[in-house]
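Here the structure comes first, spelled out in structure tokens, and everything after it is commentary.
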Amino acid sequence: MSAHKPLVIGNWKMNLDYVEAVHLGQQLGVLLKNKPVEHTDIVVVPPFVDIRSVTSIVDSEKIPVGVGAQHVSAHDNGAHTGEVSTSMLKRLNVQWILVGHSERRSMYAMTDEVVAATLRAVVKSGMNVVLCVGENLEVREDGGQNDFVADQLHSALIGLDEKFLELVTVAYEPIWAIGTGLTASSEQVGEMMAQIRSVLTTLSLGDARVLYGGSVNADNAESLMNEGEVDGFLVGGASLKAESFMSIVQSCNDCYDGKR
Ligand code: PGA
């Protein structure tokens, strides 16, 4: 198992209005109060319109979770209808931004160039970036996943100023495992983690945390953590219920606790 403190991120996607989001945040607060988590960092990533409400209760109730956003513009401001800027999110105490999620890449035409520009905008603003990478089923069946992911990492990260390196986390999310119930095996994840870490080392990012995402749930988190050599998870569906999300967090916490 890797030496990093685990990180578990709940990506709520386009689910939960602000009332539901506050409710889920409060439930997480209660569970964390009853069973505090010392060895795992936790982040929730609500839709834009919920962020202010969620950061308010996180701050006022001192809930030990960070708050992230699912997307941001690469531009500072101006005529970009429908977009949101890094400074707007920073003002709301957002500390984490997902960049290049496969749903943004495939459904909203986010190219590698836009991913690279967005990543730079995020780190320049001082927020943490979670760069999402991962192959589709066709690439996996052809055995091209290592090259595919290496290309995504290079195009997003090459030439990044070293003062920003500590703000980068990578999430490996094979597209065929997202929301499908098909989790990658611990062996597949372990192999890809080694490949990603070796590419990151060549980019001076050998110390970055590398997460896994794709149908992570309370039942598979522990084995992925132990055998898959991951530094934590990016969780979609299972993050929408406080109990299942916290049970994933708890698995990470226990693994870390037991191993050191
Ligand atoms: P999932 O989503 O856990 O529902 O598969 C993961 C993600 O897309 O971040």
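Residue numbering restarts at 1 in every chain; chains get A, B, ... in the order shown in the structure tokens, and ligands count up from 1 in that same order.
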
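Taking only C-alpha atoms and all ligand atoms into account, every polymer residue with at least one atom at most 7 Å away from ligand 1 is listed here: Asn11, Glu173, Ala177, Ile178, Gly179, Thr180, Gly181, Gly213, Gly214, Ser215, Val216, Leu234, Val235, Gly236, Gly237 and Ala238 of chain A.
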
Which residues of segment 105-154 of chain A come within 8 Å of segment 85-93 of chain A, and what is each one's closest atom pair and distance in Å (one decimal), counting only C-alpha atoms, sorted by chain and residue number, as JSON lines?
```
{"residue": "A:Ala121", "atom": "CA", "partner": "A:Thr86", "partner_atom": "CA", "distance": 7.2}
{"residue": "A:Val122", "atom": "CA", "partner": "A:Thr86", "partner_atom": "CA", "distance": 6.3}
{"residue": "A:Ser125", "atom": "CA", "partner": "A:Thr86", "partner_atom": "CA", "distance": 6.6}
{"residue": "A:Met127", "atom": "CA", "partner": "A:Lys90", "partner_atom": "CA", "distance": 7.6}
```

Set the distance at 12 Å and use only C-alpha atoms: which residues neighbour Asn226 of chain A once local chain neighbours fewer than 2 positions away are removed? I'd like the list as a list of chain:residue names.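 Within the cut-off, the hits are A:Met1, A:Ser2, A:Ala3, A:Pro6, A:Ser186, A:Glu187, A:Val189, A:Gly190, A:Asn220, A:Ala221, A:Glu222, A:Ser223, A:Leu224, A:Gly228, A:Glu229, A:Val230, A:Asp231, A:Gly232, A:Ser251, A:Cys252, A:Asn253, A:Asp254, A:Cys255, A:Tyr256, A:Gly258, A:Lys259.
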
Filtered DSSP result for segment 38-105 of chain A, state strand (DSSP E or B), as a PyMOL selection string: chain A and resi 41-45+66-69+96-99

Near-Leu157 of chain A list (9 Å; only C-alpha atoms; drop same-chain fewer than 2 positions) as a ChimeraX atom specification: /A:116,119-120,152-155,159-160,200,203

Go ahead and write the residues just picked, N, CA, C and O atoms, as a CSV table (one decimal), in the first residue's frame.
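Result file is again.csv:
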```csv
chain,number,residue,atom,x,y,z
A,116,ALA,N,-5.7,20.9,-20.3
A,116,ALA,CA,-4.4,21.4,-19.8
A,116,ALA,C,-4.6,22.9,-19.4
A,116,ALA,O,-4.0,23.3,-18.4
A,119,LEU,N,-6.5,23.0,-16.1
A,119,LEU,CA,-5.6,22.6,-15.0
A,119,LEU,C,-4.7,23.8,-14.5
A,119,LEU,O,-4.6,24.0,-13.3
A,120,ARG,N,-4.2,24.5,-15.5
A,120,ARG,CA,-3.3,25.6,-15.2
A,120,ARG,C,-4.0,26.7,-14.5
A,120,ARG,O,-3.5,27.3,-13.5
A,152,GLN,N,-2.6,11.1,-22.0
A,152,GLN,CA,-3.5,12.0,-21.3
A,152,GLN,C,-2.7,12.8,-20.2
A,152,GLN,O,-2.8,14.0,-20.0
A,153,LEU,N,-1.8,12.0,-19.5
A,153,LEU,CA,-1.1,12.6,-18.4
A,153,LEU,C,-0.1,13.6,-19.0
A,153,LEU,O,0.1,14.8,-18.5
A,154,HIS,N,0.6,13.2,-20.0
A,154,HIS,CA,1.6,14.1,-20.6
A,154,HIS,C,0.9,15.4,-21.1
A,154,HIS,O,1.4,16.5,-20.9
A,155,SER,N,-0.2,15.2,-21.9
A,155,SER,CA,-0.7,16.4,-22.5
A,155,SER,C,-1.3,17.4,-21.4
A,155,SER,O,-1.2,18.6,-21.6
A,159,GLY,N,5.4,20.4,-18.6
A,159,GLY,CA,5.8,21.8,-18.5
A,159,GLY,C,5.1,22.6,-17.4
A,159,GLY,O,5.3,23.8,-17.3
A,160,LEU,N,4.4,21.8,-16.5
A,160,LEU,CA,3.8,22.5,-15.4
A,160,LEU,C,4.8,23.1,-14.5
A,160,LEU,O,5.7,22.3,-14.1
A,200,LEU,N,4.2,9.7,-13.8
A,200,LEU,CA,4.3,10.9,-13.0
A,200,LEU,C,5.7,11.2,-12.5
A,200,LEU,O,6.1,12.4,-12.4
A,203,LEU,N,7.5,13.2,-14.8
A,203,LEU,CA,7.0,14.6,-14.8
A,203,LEU,C,7.3,15.3,-13.5
A,203,LEU,O,6.7,16.4,-13.2
```

List the neighbours of Lys163 of chain A out to 12 Å using only C-alpha atoms; skip same-chain residues closer than 2 positions along the sequence, and give me the result as a VMD selection string. chain A and resid 120 123 to 124 126 159 to 161 165 to 168 204 to 205

Resulting file, chosen residues, all heavy atoms, as a short mmCIF file (atom, residue, chain, number, x, y, z; two decimals), in the first residue's frame:
```cif
data_model
loop_
_atom_site.label_atom_id
_atom_site.label_comp_id
_atom_site.auth_asym_id
_atom_site.auth_seq_id
_atom_site.Cartn_x
_atom_site.Cartn_y
_atom_site.Cartn_z
N ARG A 120 -4.16 24.46 -15.51
CA ARG A 120 -3.28 25.58 -15.17
C ARG A 120 -4.03 26.72 -14.48
O ARG A 120 -3.52 27.33 -13.54
CB ARG A 120 -2.56 26.08 -16.43
CG ARG A 120 -1.34 25.23 -16.74
CD ARG A 120 -0.88 25.24 -18.16
NE ARG A 120 0.24 24.33 -18.35
CZ ARG A 120 0.16 22.98 -18.34
NH1 ARG A 120 -0.99 22.36 -18.16
NH2 ARG A 120 1.24 22.23 -18.48
N VAL A 123 -4.54 25.61 -10.72
CA VAL A 123 -3.38 25.67 -9.82
C VAL A 123 -2.89 27.10 -9.64
O VAL A 123 -2.43 27.48 -8.56
CB VAL A 123 -2.24 24.70 -10.25
CG1 VAL A 123 -2.70 23.26 -10.14
CG2 VAL A 123 -1.73 25.00 -11.65
N LYS A 124 -3.02 27.92 -10.68
CA LYS A 124 -2.61 29.32 -10.53
C LYS A 124 -3.45 30.03 -9.48
O LYS A 124 -3.01 30.95 -8.81
CB LYS A 124 -2.75 30.06 -11.86
CG LYS A 124 -1.50 29.92 -12.70
CD LYS A 124 -1.57 30.79 -13.94
CE LYS A 124 -0.57 30.27 -14.95
NZ LYS A 124 -1.01 30.42 -16.33
N GLY A 126 -4.45 28.64 -6.87
CA GLY A 126 -4.10 28.08 -5.57
C GLY A 126 -4.99 26.95 -5.11
O GLY A 126 -4.86 26.46 -3.99
N GLY A 159 5.40 20.38 -18.63
CA GLY A 159 5.77 21.80 -18.55
C GLY A 159 5.13 22.56 -17.40
O GLY A 159 5.31 23.77 -17.28
N LEU A 160 4.40 21.84 -16.55
CA LEU A 160 3.76 22.55 -15.41
C LEU A 160 4.85 23.06 -14.46
O LEU A 160 5.74 22.32 -14.09
CB LEU A 160 2.83 21.57 -14.68
CG LEU A 160 1.95 22.17 -13.59
CD1 LEU A 160 0.91 23.11 -14.21
CD2 LEU A 160 1.25 21.07 -12.79
N ASP A 161 4.75 24.31 -14.10
CA ASP A 161 5.73 24.92 -13.20
C ASP A 161 5.81 24.13 -11.90
O ASP A 161 4.79 23.79 -11.31
CB ASP A 161 5.29 26.37 -12.92
CG ASP A 161 6.40 27.18 -12.26
OD1 ASP A 161 7.05 26.65 -11.34
OD2 ASP A 161 6.61 28.32 -12.69
N LEU A 165 3.28 21.74 -8.37
CA LEU A 165 3.18 20.28 -8.40
C LEU A 165 2.42 19.72 -7.19
O LEU A 165 1.68 18.75 -7.30
CB LEU A 165 4.57 19.65 -8.48
CG LEU A 165 5.36 20.00 -9.76
CD1 LEU A 165 6.74 19.36 -9.73
CD2 LEU A 165 4.61 19.59 -11.01
N GLU A 166 2.59 20.37 -6.05
CA GLU A 166 1.95 19.79 -4.85
C GLU A 166 0.42 19.96 -4.87
O GLU A 166 -0.28 19.40 -4.03
CB GLU A 166 2.54 20.41 -3.59
CG GLU A 166 2.26 21.88 -3.49
CD GLU A 166 2.83 22.50 -2.22
OE1 GLU A 166 3.90 22.06 -1.78
OE2 GLU A 166 2.17 23.41 -1.68
N LEU A 167 -0.08 20.70 -5.83
CA LEU A 167 -1.55 20.87 -5.91
C LEU A 167 -2.22 19.82 -6.79
O LEU A 167 -3.43 19.84 -6.98
CB LEU A 167 -1.88 22.27 -6.47
CG LEU A 167 -1.44 23.45 -5.59
CD1 LEU A 167 -1.64 24.77 -6.33
CD2 LEU A 167 -2.22 23.46 -4.28
N VAL A 168 -1.42 18.89 -7.34
CA VAL A 168 -1.97 17.95 -8.31
C VAL A 168 -2.26 16.57 -7.70
O VAL A 168 -1.40 15.97 -7.06
CB VAL A 168 -1.00 17.78 -9.51
CG1 VAL A 168 -1.55 16.75 -10.51
CG2 VAL A 168 -0.75 19.12 -10.20
N SER A 204 8.18 14.78 -12.67
CA SER A 204 8.48 15.33 -11.33
C SER A 204 7.28 15.32 -10.39
O SER A 204 7.19 16.13 -9.46
CB SER A 204 9.01 16.77 -11.40
OG SER A 204 10.03 16.87 -12.33
N LEU A 205 6.35 14.40 -10.67
CA LEU A 205 5.14 14.35 -9.85
C LEU A 205 5.02 13.01 -9.11
O LEU A 205 3.91 12.55 -8.82
CB LEU A 205 3.91 14.52 -10.75
CG LEU A 205 3.47 15.96 -10.99
CD1 LEU A 205 2.72 16.07 -12.30
CD2 LEU A 205 2.59 16.43 -9.84
#
```

Could you name the residues that touch Ile63 of chain A at 10 Å or less, counting only C-alpha atoms, but leaving out those on the same chain fewer than 4 positions away, as an MDAnalysis selection string? chainID A and resid 25:26 28:33 55 57:59

What separation in Å, quoted to one decimal, exists between atom CA of Ala156 of chain A and atom CA of Leu131 of chain A?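 Pair atom CA of Ala156 of chain A / atom CA of Leu131 of chain A returns 8.2 Å.
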
So that each row is one residue of segment 149-196 of chain A with an atom at most 7 Å from segment 136-143 of chain A, can you give its shortest atom pair and the distance in Å to one decimal, using only C-alpha atoms, rows by chain and rising number, as CSV?
```
residue,atom,partner,partner_atom,distance
A:Pro174,CA,A:Asn136,CA,6.2
A:Ile175,CA,A:Asn136,CA,4.9
A:Trp176,CA,A:Leu137,CA,5.4
```

Selection to disk with N, CA, C and O atoms, as a CSV table (one decimal), in the first residue's frame:
```
chain,number,residue,atom,x,y,z
A,174,PRO,N,-11.3,4.3,-15.4
A,174,PRO,CA,-11.6,3.6,-16.6
A,174,PRO,C,-13.0,3.9,-17.0
A,174,PRO,O,-13.9,3.6,-16.2
A,175,ILE,N,-13.3,4.4,-18.2
A,175,ILE,CA,-14.7,4.8,-18.5
A,175,ILE,C,-15.6,3.6,-18.5
A,175,ILE,O,-16.8,3.8,-18.0
A,176,TRP,N,-15.2,2.4,-18.8
A,176,TRP,CA,-16.0,1.3,-18.8
A,176,TRP,C,-16.4,0.9,-17.4
A,176,TRP,O,-17.3,0.0,-17.2
```

Between A:Thr183, A:Thr118, A:Ser198, A:Gln27, single out the one closest to Ala74 of chain A, counting only C-alpha atoms. A:Thr118

Nearest candidate to Leu16 of chain A (options A:Leu240, A:Ser53, A:Val44, A:His71; using only C-alpha atoms):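 Checking each of A:Leu240, A:Ser53, A:Val44, A:His71 against Leu16 of chain A, counting only C-alpha atoms, the winner is A:Leu240.
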
For Thr111 of chain A, list every protein, DNA or RNA residue within 12 Å, evaluated using only C-alpha atoms, and leave out those in the same chain fewer than 2 positions away; present the list as a PyMOL selection string. chain A and resi 99-109+113-118+152+155-156

Min atom-atom distance to Val37 of chain A from the set A:Pro64, A:Lys13, A:Tyr212, A:Thr201, counting only C-alpha atoms, belongs to A:Pro64

Between A:Ala218, A:Ala79, A:Leu98, A:Ala208, smallest distance to Phe245 of chain A by only C-alpha atoms belongs to A:Ala218

Can you tell me, as a PyMOL selection string, which residues in segment 170-246 of chain A count as helix (DSSP H, G or I) by DSSP? chain A and resi 175-177+186-202+221-227+237-239+242-246
